[in-house]
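Okay, protein.pdb is below, PDB, C-alpha atoms, pLDDT in the B column:
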```pdb
ATOM      1  CA  MET A   1     122.204  53.643 162.428  1.00 71.00           C
ATOM      2  CA  ALA A   2     119.926  56.542 162.059  1.00 78.00           C
ATOM      3  CA  ILE A   3     117.941  56.664 158.877  1.00 78.00           C
ATOM      4  CA  ALA A   4     118.083  60.063 157.380  1.00 69.00           C
ATOM      5  CA  PRO A   5     114.629  61.380 156.496  1.00 69.00           C
ATOM      6  CA  VAL A   6     113.793  61.082 152.813  1.00 68.00           C
ATOM      7  CA  ALA A   7     112.806  64.671 152.409  1.00 65.00           C
ATOM      8  CA  ALA A   8     116.184  66.116 153.369  1.00 57.00           C
ATOM      9  CA  ALA A   9     118.243  63.693 151.237  1.00 56.00           C
ATOM     10  CA  ALA A  10     115.976  63.981 148.240  1.00 56.00           C
ATOM     11  CA  ALA A  11     115.873  67.743 148.447  1.00 56.00           C
ATOM     12  CA  ALA A  12     119.688  67.842 148.553  1.00 60.00           C
ATOM     13  CA  ARG A  13     120.025  65.798 145.335  1.00 64.00           C
ATOM     14  CA  ILE A  14     117.308  67.399 143.235  1.00 61.00           C
ATOM     15  CA  THR A  15     118.356  70.777 141.984  1.00 63.00           C
ATOM     16  CA  PRO A  16     115.791  72.974 140.384  1.00 62.00           C
ATOM     17  CA  PRO A  17     116.348  73.551 136.635  1.00 60.00           C
ATOM     18  CA  ALA A  18     118.104  76.753 135.724  1.00 54.00           C
ATOM     19  CA  PRO A  19     115.563  79.315 134.524  1.00 52.00           C
ATOM     20  CA  PRO A  20     115.880  79.866 130.748  1.00 48.00           C
ATOM     21  CA  THR A  21     117.233  83.407 130.647  1.00 46.00           C
ATOM     22  CA  ALA A  22     118.641  83.918 127.139  1.00 44.00           C
ATOM     23  CA  PRO A  23     115.785  82.355 125.081  1.00 46.00           C
ATOM     24  CA  ALA A  24     113.127  84.139 127.158  1.00 47.00           C
ATOM     25  CA  THR A  25     114.626  87.582 126.605  1.00 49.00           C
ATOM     26  CA  ALA A  26     115.101  86.865 122.877  1.00 52.00           C
ATOM     27  CA  ASP A  27     111.443  85.866 122.544  1.00 57.00           C
ATOM     28  CA  ARG A  28     110.369  88.918 124.464  1.00 61.00           C
ATOM     29  CA  THR A  29     112.261  91.390 122.293  1.00 74.00           C
ATOM     30  CA  SER A  30     111.100  89.840 119.009  1.00 74.00           C
ATOM     31  CA  PHE A  31     107.534  89.653 120.293  1.00 73.00           C
ATOM     32  CA  ALA A  32     107.729  93.221 121.572  1.00 79.00           C
ATOM     33  CA  SER A  33     109.037  94.455 118.235  1.00 79.00           C
ATOM     34  CA  ALA A  34     106.236  92.558 116.467  1.00 75.00           C
ATOM     35  CA  LEU A  35     103.700  94.265 118.747  1.00 80.00           C
ATOM     36  CA  ASP A  36     105.338  97.606 117.942  1.00 84.00           C
ATOM     37  CA  SER A  37     104.916  97.077 114.216  1.00 81.00           C
ATOM     38  CA  VAL A  38     101.281  96.040 114.744  1.00 84.00           C
ATOM     39  CA  ALA A  39     100.693  99.212 116.768  1.00 86.00           C
ATOM     40  CA  ARG A  40     102.339 101.250 113.997  1.00 87.00           C
ATOM     41  CA  THR A  41     100.058  99.844 111.295  1.00 87.00           C
ATOM     42  CA  GLY A  42      97.066 100.529 113.536  1.00 88.00           C
ATOM     43  CA  ALA A  43      98.190 104.114 114.157  1.00 91.00           C
ATOM     44  CA  GLN A  44      98.728 104.640 110.420  1.00 89.00           C
ATOM     45  CA  ALA A  45      95.218 103.347 109.669  1.00 90.00           C
ATOM     46  CA  ASP A  46      93.766 105.663 112.341  1.00 91.00           C
ATOM     47  CA  ARG A  47      95.632 108.673 110.944  1.00 91.00           C
ATOM     48  CA  LEU A  48      94.423 108.002 107.412  1.00 91.00           C
ATOM     49  CA  GLY A  49      90.867 107.468 108.709  1.00 90.00           C
ATOM     50  CA  THR A  50      90.958 110.905 110.344  1.00 92.00           C
ATOM     51  CA  GLU A  51      92.264 112.447 107.115  1.00 90.00           C
ATOM     52  CA  LEU A  52      89.463 110.780 105.191  1.00 89.00           C
ATOM     53  CA  ALA A  53      86.837 112.075 107.630  1.00 90.00           C
ATOM     54  CA  THR A  54      88.194 115.650 107.483  1.00 91.00           C
ATOM     55  CA  GLY A  55      88.435 115.560 103.697  1.00 88.00           C
ATOM     56  CA  LYS A  56      92.216 115.892 103.423  1.00 87.00           C
ATOM     57  CA  LEU A  57      92.861 112.442 102.001  1.00 85.00           C
ATOM     58  CA  GLN A  58      93.598 112.394  98.296  1.00 83.00           C
ATOM     59  CA  ASP A  59      93.317 108.699  97.607  1.00 85.00           C
ATOM     60  CA  ILE A  60      90.738 106.500  99.306  1.00 88.00           C
ATOM     61  CA  SER A  61      92.569 103.352  98.212  1.00 89.00           C
ATOM     62  CA  GLU A  62      95.459 104.382 100.489  1.00 90.00           C
ATOM     63  CA  PHE A  63      93.138 104.289 103.490  1.00 91.00           C
ATOM     64  CA  MET A  64      91.661 100.924 102.446  1.00 90.00           C
ATOM     65  CA  ALA A  65      95.151  99.434 102.041  1.00 90.00           C
ATOM     66  CA  ALA A  66      96.262 100.750 105.449  1.00 91.00           C
ATOM     67  CA  SER A  67      93.175  99.357 107.183  1.00 91.00           C
ATOM     68  CA  SER A  68      93.745  95.996 105.434  1.00 91.00           C
ATOM     69  CA  LYS A  69      97.345  95.965 106.690  1.00 91.00           C
ATOM     70  CA  ALA A  70      96.167  96.761 110.219  1.00 91.00           C
ATOM     71  CA  GLN A  71      93.562  94.000 110.067  1.00 91.00           C
ATOM     72  CA  ILE A  72      96.112  91.441 108.846  1.00 90.00           C
ATOM     73  CA  ALA A  73      98.636  92.510 111.515  1.00 89.00           C
ATOM     74  CA  VAL A  74      96.105  92.237 114.339  1.00 90.00           C
ATOM     75  CA  GLU A  75      94.826  88.843 113.163  1.00 90.00           C
ATOM     76  CA  MET A  76      98.412  87.638 112.846  1.00 87.00           C
ATOM     77  CA  THR A  77      99.125  88.667 116.445  1.00 88.00           C
ATOM     78  CA  VAL A  78      95.994  86.866 117.629  1.00 89.00           C
ATOM     79  CA  ALA A  79      97.001  83.751 115.666  1.00 89.00           C
ATOM     80  CA  VAL A  80     100.502  83.793 117.204  1.00 86.00           C
ATOM     81  CA  ARG A  81      99.005  84.083 120.677  1.00 90.00           C
ATOM     82  CA  ASN A  82      96.576  81.227 119.965  1.00 90.00           C
ATOM     83  CA  ARG A  83      99.384  78.981 118.715  1.00 89.00           C
ATOM     84  CA  ALA A  84     101.513  79.715 121.769  1.00 90.00           C
ATOM     85  CA  VAL A  85      98.620  78.978 124.119  1.00 93.00           C
ATOM     86  CA  GLU A  86      97.795  75.759 122.248  1.00 91.00           C
ATOM     87  CA  ALA A  87     101.398  74.587 122.424  1.00 92.00           C
ATOM     88  CA  TYR A  88     101.526  75.374 126.158  1.00 94.00           C
ATOM     89  CA  GLN A  89      98.311  73.492 126.791  1.00 94.00           C
ATOM     90  CA  GLU A  90      99.553  70.526 124.746  1.00 93.00           C
ATOM     91  CA  ILE A  91     102.678  70.335 126.897  1.00 94.00           C
ATOM     92  CA  MET A  92     100.711  70.696 130.125  1.00 94.00           C
ATOM     93  CA  ARG A  93      98.460  67.818 129.054  1.00 94.00           C
ATOM     94  CA  MET A  94     101.430  65.445 128.931  1.00 91.00           C
ATOM     95  CA  GLN A  95     101.267  62.714 131.613  1.00 86.00           C
ATOM     96  CA  VAL A  96     104.315  62.964 133.804  1.00 79.00           C
TER      97      VAL A  96
ATOM     98  CA  MET B   1     106.935  94.740 106.746  1.00 46.00           C
ATOM     99  CA  GLY B   2     108.143  93.336 103.487  1.00 63.00           C
ATOM    100  CA  MET B   3     105.052  91.147 103.220  1.00 74.00           C
ATOM    101  CA  PHE B   4     102.894  94.175 102.461  1.00 85.00           C
ATOM    102  CA  ASP B   5     104.795  95.063  99.261  1.00 88.00           C
ATOM    103  CA  ALA B   6     101.990  93.658  97.114  1.00 90.00           C
ATOM    104  CA  LEU B   7      99.508  96.005  98.790  1.00 91.00           C
ATOM    105  CA  ASP B   8     101.854  98.981  98.383  1.00 92.00           C
ATOM    106  CA  ASN B   9     102.345  98.286  94.677  1.00 93.00           C
ATOM    107  CA  ALA B  10      98.595  98.064  94.165  1.00 94.00           C
ATOM    108  CA  VAL B  11      98.108 101.375  96.004  1.00 94.00           C
ATOM    109  CA  SER B  12     100.693 103.067  93.778  1.00 94.00           C
ATOM    110  CA  GLY B  13      98.939 101.722  90.671  1.00 95.00           C
ATOM    111  CA  ALA B  14      95.564 102.952  91.929  1.00 95.00           C
ATOM    112  CA  THR B  15      97.044 106.393  92.685  1.00 94.00           C
ATOM    113  CA  VAL B  16      98.491 106.712  89.170  1.00 96.00           C
ATOM    114  CA  SER B  17      95.165 105.619  87.643  1.00 96.00           C
ATOM    115  CA  ARG B  18      93.380 108.197  89.792  1.00 95.00           C
ATOM    116  CA  THR B  19      95.807 110.926  88.644  1.00 95.00           C
ATOM    117  CA  TRP B  20      95.121 109.893  85.052  1.00 96.00           C
ATOM    118  CA  MET B  21      91.358 110.128  85.622  1.00 96.00           C
ATOM    119  CA  ASP B  22      91.873 113.589  87.167  1.00 96.00           C
ATOM    120  CA  ALA B  23      93.781 114.728  84.069  1.00 97.00           C
ATOM    121  CA  ILE B  24      91.159 113.249  81.728  1.00 97.00           C
ATOM    122  CA  SER B  25      88.326 114.990  83.577  1.00 97.00           C
ATOM    123  CA  ASP B  26      90.256 118.266  83.351  1.00 96.00           C
ATOM    124  CA  ASN B  27      90.663 117.793  79.605  1.00 96.00           C
ATOM    125  CA  VAL B  28      86.991 116.973  79.082  1.00 96.00           C
ATOM    126  CA  ALA B  29      85.913 119.933  81.232  1.00 96.00           C
ATOM    127  CA  ASN B  30      88.060 122.228  79.074  1.00 95.00           C
ATOM    128  CA  SER B  31      87.043 120.727  75.747  1.00 93.00           C
ATOM    129  CA  ASN B  32      85.252 123.940  74.777  1.00 92.00           C
ATOM    130  CA  THR B  33      87.612 126.503  76.283  1.00 92.00           C
ATOM    131  CA  VAL B  34      88.359 128.853  73.417  1.00 92.00           C
ATOM    132  CA  ARG B  35      91.032 131.483  73.722  1.00 92.00           C
ATOM    133  CA  PRO B  36      91.863 134.619  71.699  1.00 90.00           C
ATOM    134  CA  ALA B  37      93.477 133.908  68.332  1.00 87.00           C
ATOM    135  CA  GLY B  38      97.089 134.845  69.099  1.00 83.00           C
ATOM    136  CA  GLU B  39      97.310 133.009  72.432  1.00 86.00           C
ATOM    137  CA  GLU B  40      98.492 129.514  73.241  1.00 89.00           C
ATOM    138  CA  PRO B  41      95.409 127.227  73.252  1.00 92.00           C
ATOM    139  CA  PHE B  42      94.399 124.883  76.040  1.00 93.00           C
ATOM    140  CA  ARG B  43      96.276 121.653  75.472  1.00 94.00           C
ATOM    141  CA  ALA B  44      95.108 118.322  76.868  1.00 94.00           C
ATOM    142  CA  GLY B  45      97.215 116.938  79.709  1.00 94.00           C
ATOM    143  CA  LEU B  46      98.829 113.517  79.364  1.00 95.00           C
ATOM    144  CA  VAL B  47     100.080 111.794  82.520  1.00 95.00           C
ATOM    145  CA  VAL B  48     103.561 110.295  82.223  1.00 96.00           C
ATOM    146  CA  ALA B  49     103.986 107.299  84.534  1.00 95.00           C
ATOM    147  CA  GLU B  50     107.297 105.717  85.443  1.00 94.00           C
ATOM    148  CA  SER B  51     107.925 102.311  86.977  1.00 94.00           C
ATOM    149  CA  VAL B  52     109.763 102.289  90.312  1.00 93.00           C
ATOM    150  CA  THR B  53     112.520  99.683  90.609  1.00 91.00           C
ATOM    151  CA  GLY B  54     114.460  98.939  93.768  1.00 86.00           C
ATOM    152  CA  PRO B  55     118.239  98.497  93.868  1.00 86.00           C
ATOM    153  CA  ASP B  56     117.882  94.708  93.752  1.00 85.00           C
ATOM    154  CA  GLY B  57     115.855  94.815  90.543  1.00 84.00           C
ATOM    155  CA  VAL B  58     112.555  94.086  92.257  1.00 88.00           C
ATOM    156  CA  GLY B  59     109.718  96.312  91.070  1.00 89.00           C
ATOM    157  CA  HIS B  60     108.009  98.573  93.565  1.00 91.00           C
ATOM    158  CA  GLY B  61     105.041  99.864  91.645  1.00 92.00           C
ATOM    159  CA  VAL B  62     104.639 103.002  89.613  1.00 94.00           C
ATOM    160  CA  ALA B  63     104.858 106.749  90.123  1.00 94.00           C
ATOM    161  CA  VAL B  64     103.742 109.806  88.179  1.00 95.00           C
ATOM    162  CA  ARG B  65     106.742 111.507  86.620  1.00 95.00           C
ATOM    163  CA  GLY B  66     104.853 114.498  85.316  1.00 94.00           C
ATOM    164  CA  ILE B  67     102.088 115.809  83.114  1.00 94.00           C
ATOM    165  CA  GLU B  68     102.933 116.633  79.511  1.00 95.00           C
ATOM    166  CA  ARG B  69     100.763 118.722  77.273  1.00 94.00           C
ATOM    167  CA  ARG B  70      99.592 117.492  73.899  1.00 92.00           C
ATOM    168  CA  SER B  71     101.488 118.933  71.010  1.00 90.00           C
ATOM    169  CA  GLY B  72      99.697 119.674  67.797  1.00 88.00           C
ATOM    170  CA  VAL B  73      98.550 122.430  65.581  1.00 90.00           C
ATOM    171  CA  ALA B  74      95.859 124.556  67.198  1.00 89.00           C
ATOM    172  CA  GLN B  75      92.708 125.096  65.203  1.00 89.00           C
ATOM    173  CA  VAL B  76      91.845 128.734  64.552  1.00 91.00           C
ATOM    174  CA  VAL B  77      88.126 129.130  63.940  1.00 90.00           C
ATOM    175  CA  TYR B  78      86.164 132.073  62.601  1.00 91.00           C
ATOM    176  CA  ASP B  79      83.589 132.963  65.284  1.00 89.00           C
ATOM    177  CA  PRO B  80      82.906 136.717  65.362  1.00 89.00           C
ATOM    178  CA  ASP B  81      80.111 136.414  67.954  1.00 90.00           C
ATOM    179  CA  SER B  82      82.456 135.077  70.616  1.00 89.00           C
ATOM    180  CA  PRO B  83      83.452 137.676  73.251  1.00 90.00           C
ATOM    181  CA  LEU B  84      87.071 136.538  72.879  1.00 88.00           C
ATOM    182  CA  ALA B  85      87.269 137.057  69.131  1.00 88.00           C
ATOM    183  CA  ASP B  86      89.881 139.486  67.845  1.00 85.00           C
ATOM    184  CA  GLU B  87      89.236 142.068  65.114  1.00 86.00           C
ATOM    185  CA  ASP B  88      89.245 139.347  62.411  1.00 87.00           C
ATOM    186  CA  GLY B  89      86.695 137.323  64.396  1.00 88.00           C
ATOM    187  CA  ASN B  90      89.048 134.397  65.027  1.00 91.00           C
ATOM    188  CA  VAL B  91      89.343 132.303  68.151  1.00 92.00           C
ATOM    189  CA  THR B  92      91.625 129.351  68.985  1.00 93.00           C
ATOM    190  CA  ARG B  93      90.003 126.004  69.739  1.00 92.00           C
ATOM    191  CA  PRO B  94      91.536 123.784  72.456  1.00 93.00           C
ATOM    192  CA  VAL B  95      93.694 120.818  71.509  1.00 93.00           C
ATOM    193  CA  VAL B  96      91.476 118.103  73.000  1.00 94.00           C
ATOM    194  CA  ASP B  97      90.418 114.936  71.195  1.00 93.00           C
ATOM    195  CA  MET B  98      87.152 113.881  72.805  1.00 94.00           C
ATOM    196  CA  ALA B  99      87.179 110.331  71.397  1.00 96.00           C
ATOM    197  CA  GLU B 100      90.679 109.731  72.725  1.00 95.00           C
ATOM    198  CA  GLU B 101      89.789 111.178  76.126  1.00 96.00           C
ATOM    199  CA  MET B 102      86.709 108.961  76.520  1.00 97.00           C
ATOM    200  CA  THR B 103      88.685 105.864  75.487  1.00 97.00           C
ATOM    201  CA  ASN B 104      91.447 106.757  77.944  1.00 97.00           C
ATOM    202  CA  LEU B 105      88.817 107.243  80.646  1.00 97.00           C
ATOM    203  CA  ILE B 106      87.611 103.665  80.175  1.00 97.00           C
ATOM    204  CA  ILE B 107      91.204 102.383  80.302  1.00 97.00           C
ATOM    205  CA  ALA B 108      92.033 104.437  83.405  1.00 97.00           C
ATOM    206  CA  SER B 109      88.923 103.393  85.317  1.00 96.00           C
ATOM    207  CA  ARG B 110      89.492  99.720  84.462  1.00 97.00           C
ATOM    208  CA  GLY B 111      93.089 100.065  85.583  1.00 96.00           C
ATOM    209  CA  TYR B 112      91.917 101.540  88.898  1.00 96.00           C
ATOM    210  CA  GLN B 113      89.447  98.690  89.400  1.00 96.00           C
ATOM    211  CA  ALA B 114      92.108  96.120  88.496  1.00 97.00           C
ATOM    212  CA  ASN B 115      94.451  97.502  91.170  1.00 95.00           C
ATOM    213  CA  LEU B 116      91.635  97.390  93.712  1.00 95.00           C
ATOM    214  CA  ALA B 117      90.976  93.743  92.769  1.00 95.00           C
ATOM    215  CA  VAL B 118      94.664  92.981  93.383  1.00 94.00           C
ATOM    216  CA  MET B 119      94.429  94.560  96.839  1.00 93.00           C
ATOM    217  CA  ASP B 120      91.335  92.508  97.626  1.00 93.00           C
ATOM    218  CA  ARG B 121      92.828  89.181  96.511  1.00 94.00           C
ATOM    219  CA  VAL B 122      96.111  89.767  98.337  1.00 92.00           C
ATOM    220  CA  ARG B 123      94.283  90.599 101.567  1.00 91.00           C
ATOM    221  CA  ASP B 124      92.119  87.463 101.270  1.00 92.00           C
ATOM    222  CA  ALA B 125      95.201  85.347 100.575  1.00 92.00           C
ATOM    223  CA  TYR B 126      97.043  86.588 103.672  1.00 90.00           C
ATOM    224  CA  LEU B 127      93.994  86.130 105.896  1.00 89.00           C
ATOM    225  CA  LYS B 128      93.635  82.577 104.584  1.00 90.00           C
ATOM    226  CA  ALA B 129      97.264  81.877 105.458  1.00 88.00           C
ATOM    227  CA  LEU B 130      96.487  82.707 109.089  1.00 86.00           C
ATOM    228  CA  GLU B 131      93.976  79.848 109.139  1.00 85.00           C
ATOM    229  CA  ILE B 132      96.628  77.167 108.643  1.00 84.00           C
ATOM    230  CA  GLY B 133      96.316  74.625 111.446  1.00 77.00           C
ATOM    231  CA  ARG B 134      93.236  76.178 112.985  1.00 76.00           C
ATOM    232  CA  ARG B 135      91.291  73.415 114.696  1.00 72.00           C
ATOM    233  CA  THR B 136      87.813  74.907 115.167  1.00 64.00           C
TER     234      THR B 136
END
```

This entry written out as structure tokens:
Amino acid sequence: MAIAPVAAAAAARITPPAPPTAPATADRTSFASALDSVARTGAQADRLGTELATGKLQDISEFMAASSKAQIAVEMTVAVRNRAVEAYQEIMRMQV
Amino acid sequence: MGMFDALDNAVSGATVSRTWMDAISDNVANSNTVRPAGEEPFRAGLVVAESVTGPDGVGHGVAVRGIERRSGVAQVVYDPDSPLADEDGNVTRPVVDMAEEMTNLIIASRGYQANLAVMDRVRDAYLKALEIGRRT
């Protein structure tokens, strides 16, 4: 009897995993909205900085608070990215 | 974000303290503003602050409701050399208590600095939270 080649039989049995559609889009929208809010805090800090430079700003503490918020938001985004990359690298290091 | 409420409350407190310092400086600048005898004298401005509460009972800082003027009897002084004196030589002194204004100035400036300290501590606390689990 003819022995079927391994490659054809094995390829017929192994099906590739279904790509994760729903979780990926959910992560993307929440991440995109988080980036939007970070961009908003940065734009607010820039606007108040311009007002301070042109002398229209009444309260300097408002500008300091907005720049603190922007700094925290940016560092939070960087920390999220670092955690995601670390988790990915941890999984990739696993011996198969 | 809701996490920045502490910063917003501190900013509102600093703004109210700054408005109070503005009013105090106006009062001190006008502490020698005499007016003709029959007229209403310059009255010191007092800032009325009101706490802001959300619908769920959580506080959201403070806001300036308005500026009231000090009530009190105006002092009519005999000063015939003043260019504003009427035919009897009387002028009206402003209703400003210098001792009270200087004390309020100390309180207002300390309040401003306290709100700035709150902003500083809150910012440091949040930046520390981002270091949880950092390896290097």

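Interatomic distance, CA of Ala79 in chain A to CA of Leu116 in chain B: 26.4 Å.
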
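If you apply the PyMOL selection byres ((chain B) within 8 of (chain A)) to this structure, you end up with Phe4, Leu7, Asp8, Val11, Ala14, Thr15, Arg18, Leu116, Met119, Arg123, Tyr126, Leu127 and Leu130 of chain B.
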
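CA of Gly66 in chain B lies 15.6 Å from CA of Asn27 in chain B.
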
If the PyMOL selection byres ((chain B and resi 84) around 12) is run on the structure shown, which residues does it catch, given as a ChimeraX atom specification?
/B:33-39,77-83,85-93

Give me the residues within 12 Å of Met21 in chain B as a ChimeraX atom specification, counting all atoms listed in the file and dropping any in the same chain fewer than 2 places off.
/B:14-19,23-28,45-47,101-112

Please, could you write that set of residues out with C-alpha atoms as an mmCIF file, keeping the file's coordinate frame?
```
data_model
loop_
_atom_site.group_PDB
_atom_site.id
_atom_site.type_symbol
_atom_site.label_atom_id
_atom_site.label_comp_id
_atom_site.auth_asym_id
_atom_site.auth_seq_id
_atom_site.Cartn_x
_atom_site.Cartn_y
_atom_site.Cartn_z
ATOM 1 C CA ALA B 14 95.564 102.952 91.929
ATOM 2 C CA THR B 15 97.044 106.393 92.685
ATOM 3 C CA VAL B 16 98.491 106.712 89.170
ATOM 4 C CA SER B 17 95.165 105.619 87.643
ATOM 5 C CA ARG B 18 93.380 108.197 89.792
ATOM 6 C CA THR B 19 95.807 110.926 88.644
ATOM 7 C CA ALA B 23 93.781 114.728 84.069
ATOM 8 C CA ILE B 24 91.159 113.249 81.728
ATOM 9 C CA SER B 25 88.326 114.990 83.577
ATOM 10 C CA ASP B 26 90.256 118.266 83.351
ATOM 11 C CA ASN B 27 90.663 117.793 79.605
ATOM 12 C CA VAL B 28 86.991 116.973 79.082
ATOM 13 C CA GLY B 45 97.215 116.938 79.709
ATOM 14 C CA LEU B 46 98.829 113.517 79.364
ATOM 15 C CA VAL B 47 100.080 111.794 82.520
ATOM 16 C CA GLU B 101 89.789 111.178 76.126
ATOM 17 C CA MET B 102 86.709 108.961 76.520
ATOM 18 C CA THR B 103 88.685 105.864 75.487
ATOM 19 C CA ASN B 104 91.447 106.757 77.944
ATOM 20 C CA LEU B 105 88.817 107.243 80.646
ATOM 21 C CA ILE B 106 87.611 103.665 80.175
ATOM 22 C CA ILE B 107 91.204 102.383 80.302
ATOM 23 C CA ALA B 108 92.033 104.437 83.405
ATOM 24 C CA SER B 109 88.923 103.393 85.317
ATOM 25 C CA ARG B 110 89.492 99.720 84.462
ATOM 26 C CA GLY B 111 93.089 100.065 85.583
ATOM 27 C CA TYR B 112 91.917 101.540 88.898
#
```

Nearest to Gln75 in chain B: which of B:Val48, B:Arg43, B:Ala99, B:Ala114 is it, counting only C-alpha atoms?
B:Arg43

Computed interatomic separation between CA of Val64 in chain B and CA of Thr54 in chain A (Å)
25.5 Å

Generate N, CA and C atoms for range 105-117 of chain B and emit them as a PDB file, in the coordinates of the input.
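Okay, this is what ended up in out-v9.pdb:
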```
ATOM      1  N   LEU B 105      89.554 107.297  79.383  1.00 97.00           N
ATOM      2  CA  LEU B 105      88.817 107.243  80.646  1.00 97.00           C
ATOM      3  C   LEU B 105      88.408 105.819  80.972  1.00 97.00           C
ATOM      4  N   ILE B 106      87.974 105.064  79.945  1.00 97.00           N
ATOM      5  CA  ILE B 106      87.611 103.665  80.175  1.00 97.00           C
ATOM      6  C   ILE B 106      88.842 102.886  80.629  1.00 97.00           C
ATOM      7  N   ILE B 107      89.987 103.110  79.947  1.00 97.00           N
ATOM      8  CA  ILE B 107      91.204 102.383  80.302  1.00 97.00           C
ATOM      9  C   ILE B 107      91.628 102.727  81.723  1.00 97.00           C
ATOM     10  N   ALA B 108      91.582 104.014  82.075  1.00 97.00           N
ATOM     11  CA  ALA B 108      92.033 104.437  83.405  1.00 97.00           C
ATOM     12  C   ALA B 108      91.132 103.868  84.494  1.00 97.00           C
ATOM     13  N   SER B 109      89.816 103.903  84.280  1.00 96.00           N
ATOM     14  CA  SER B 109      88.923 103.393  85.317  1.00 96.00           C
ATOM     15  C   SER B 109      89.069 101.880  85.457  1.00 96.00           C
ATOM     16  N   ARG B 110      89.278 101.172  84.355  1.00 97.00           N
ATOM     17  CA  ARG B 110      89.492  99.720  84.462  1.00 97.00           C
ATOM     18  C   ARG B 110      90.812  99.422  85.160  1.00 97.00           C
ATOM     19  N   GLY B 111      91.829 100.249  84.890  1.00 96.00           N
ATOM     20  CA  GLY B 111      93.089 100.065  85.583  1.00 96.00           C
ATOM     21  C   GLY B 111      92.939 100.267  87.085  1.00 96.00           C
ATOM     22  N   TYR B 112      92.167 101.293  87.482  1.00 96.00           N
ATOM     23  CA  TYR B 112      91.917 101.540  88.898  1.00 96.00           C
ATOM     24  C   TYR B 112      91.217 100.345  89.530  1.00 96.00           C
ATOM     25  N   GLN B 113      90.181  99.831  88.849  1.00 96.00           N
ATOM     26  CA  GLN B 113      89.447  98.690  89.400  1.00 96.00           C
ATOM     27  C   GLN B 113      90.324  97.443  89.461  1.00 96.00           C
ATOM     28  N   ALA B 114      91.225  97.285  88.469  1.00 97.00           N
ATOM     29  CA  ALA B 114      92.108  96.120  88.496  1.00 97.00           C
ATOM     30  C   ALA B 114      93.039  96.181  89.704  1.00 97.00           C
ATOM     31  N   ASN B 115      93.583  97.375  90.002  1.00 95.00           N
ATOM     32  CA  ASN B 115      94.451  97.502  91.170  1.00 95.00           C
ATOM     33  C   ASN B 115      93.687  97.234  92.457  1.00 95.00           C
ATOM     34  N   LEU B 116      92.428  97.677  92.516  1.00 95.00           N
ATOM     35  CA  LEU B 116      91.635  97.390  93.712  1.00 95.00           C
ATOM     36  C   LEU B 116      91.388  95.893  93.852  1.00 95.00           C
ATOM     37  N   ALA B 117      91.177  95.200  92.716  1.00 95.00           N
ATOM     38  CA  ALA B 117      90.976  93.743  92.769  1.00 95.00           C
ATOM     39  C   ALA B 117      92.237  93.057  93.292  1.00 95.00           C
TER      40      ALA B 117
END
```
